[in-house]
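Asker: Structure below; questions to follow.
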Amino acid sequence: MAHGSAGRGSRGCERPLQLLLLLLVLRHSRPSAGFLHVKMAGTTQTVLLNNNATIFCQIYGHPSLNITIMGITWFWKGLGSPTEVKLYEFFGGHQMTARYGAVVPPESLERGNASLLLPRVQLREAGEYRCEVVITPYKAVGRIKLEVVASPVSSLFPEQAMVKENQKTLILCMSSGFHLKNITIRWRKLSQKDPQEVSEGIVTNYTIENGMLNVTSFLMLKPSLEDSMTIYQCMVYHKFLPTPQKLNFTLTVIESEKTDFNLKGIPPYIEAISALLILFFIIILLIIIFFKKVRGSKAKFSPMFWS
């Protein structure tokens with residue numbers, strides 16, 4: 001019994017000793033001379049804001065990839081920061097992370113893939129990432145810059161409108177939530193013929209909110225009846241949009257109401273009433289004149305009748 005307990009105790013101490021030995025090896029390992037290498041995905045990787053990122057780091061050159069004797073450490077240095085931070089560490093089958101969700105899957109390590117997975121990357125996580133791999137007694141290091149970008153979200157207001165001819169109409173095309181100013185907004189008129197580029201009546205305004213850029217393009221129209229059912233299109237071009245965003249606005253133009261005034265500033269319905277009144281008085285006047293003539297005729301011939 002005593003010997004059995006001693007055996008179990010010695011085996012229990014082996015694991016911490018192995019981990020301690022591996023940590024010492026990790027600290028004092030020297031870069032390999034052509035035997036262990038890591039390959040990064042170029043010099044820069046780009047990921048969209050709030051997307052998951054996989055920072056590539058591939059191990060090659062070593063004949064045996066036993067994860068029980070392998071150490072992987074990822075470091076991060078923020079933009080403009082002189083200080084490097086240990087972000088993730090894997091050694092002896094154990095892992096430690098200083099960033100929520102950061103992980104190098106062990107099953108990937110067995111295939112030589114030491115890529116770091118980061119869920120929902122934020123703008124502040126841009127910077128330099130360093131992948132350090134140790135397989136006793138060799139060490140290999142790779143560096144890469146991570147660029148976190150935000151593409152614009154666009155909307156059009158209104159999407160359709162009914163206006164009177166020659167009435168000024170304003171269309172707004174708004175893009176927000178991006179941080180690189182290389183954005184272009186263009187307008188097109190999609191008539192029954194070929195699409196026409198619109199270049200007049202456009203005003204563009206930029207604002208910054210919470211470190212993010214917003215841009216609004218205003219299109220001023222003064223349509224005629226011929227422009228009815230015409231579609232105007234706002235096109236948003238940005239570096240991190242695979243294709244331009246296209247938003248359509250449908251314009252319906254109706255005939256203006258006739259609200260012309262006469263020279264005296266009297267509305268047409270007042271004119272009509274006035275004309276009727278004048279006609280009525282003329283008729284009355286004619287009747288009066290007629291009766292006066294009839295009475296005058298009777299007075300003139302009255303003596304001869306009696307004689």
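Starting from 1 in every chain, residues are counted up; chains themselves are A, B, ... following the order of the structure tokens, and ligands are numbered from 1 as listed.
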Excluding segment 191-207 of chain A and any residue of its chain fewer than 5 positions from it, enumerate the residues within 9 Å of it, using only C-alpha atoms, and give them as a ChimeraX atom specification.
Answerer: /A:185-186,212-221,227,229-232
Asker: Just want the 10 Å neighbourhood of Gly177 of chain A, counted on only C-alpha atoms, with same-chain residues fewer than 3 positions away dropped. Output as a PyMOL selection string.
Answerer: chain A and resi 49+150-154+180+208-215
Asker: Put those residues in a file: C-alpha atoms, as a PDB file, in the first residue's frame.
Answerer:
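Output file part.pdb is given in full below:
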ATOM      1  CA  LEU A  49     -15.305  45.283 -38.167  1.00  0.00           C
ATOM      2  CA  ALA A 150     -15.503  49.193 -41.487  1.00  0.00           C
ATOM      3  CA  SER A 151     -17.502  49.415 -44.705  1.00  0.00           C
ATOM      4  CA  PRO A 152     -20.380  51.904 -45.035  1.00  0.00           C
ATOM      5  CA  VAL A 153     -24.053  51.164 -44.501  1.00  0.00           C
ATOM      6  CA  SER A 154     -26.173  53.224 -46.914  1.00  0.00           C
ATOM      7  CA  LEU A 180     -11.709  55.427 -44.140  1.00  0.00           C
ATOM      8  CA  ILE A 208     -17.637  62.329 -37.671  1.00  0.00           C
ATOM      9  CA  GLU A 209     -19.481  60.559 -34.867  1.00  0.00           C
ATOM     10  CA  ASN A 210     -17.786  58.288 -32.288  1.00  0.00           C
ATOM     11  CA  GLY A 211     -14.710  58.073 -34.490  1.00  0.00           C
ATOM     12  CA  MET A 212     -16.730  56.872 -37.483  1.00  0.00           C
ATOM     13  CA  LEU A 213     -17.338  58.839 -40.669  1.00  0.00           C
ATOM     14  CA  ASN A 214     -20.775  59.631 -42.079  1.00  0.00           C
ATOM     15  CA  VAL A 215     -21.432  61.174 -45.485  1.00  0.00           C
TER      16      VAL A 215
END
Asker: Please indicate the distance in Å from atom CA of Asn51 of chain A to atom CA of Gly101 of chain A, rounded to one decimal place.
Answerer: 12.9 Å
Asker: Among segment 79-155 of chain A, which residues does DSSP mark as alpha helix (DSSP H) when it is run on the backbone? Keep the chain and numbering as in the structure and answer as an NGL selection string.
Answerer: :A and (106-109)
Asker: Go ahead and save the residues from that selection, with C-alpha atoms, as a CSV table (one decimal), in the first residue's frame.
Answerer:
chain,number,residue,atom,x,y,z
A,106,PRO,CA,-5.4,21.8,-30.7
A,107,GLU,CA,-6.7,19.7,-33.6
A,108,SER,CA,-5.4,22.4,-36.0
A,109,LEU,CA,-2.0,22.4,-34.2
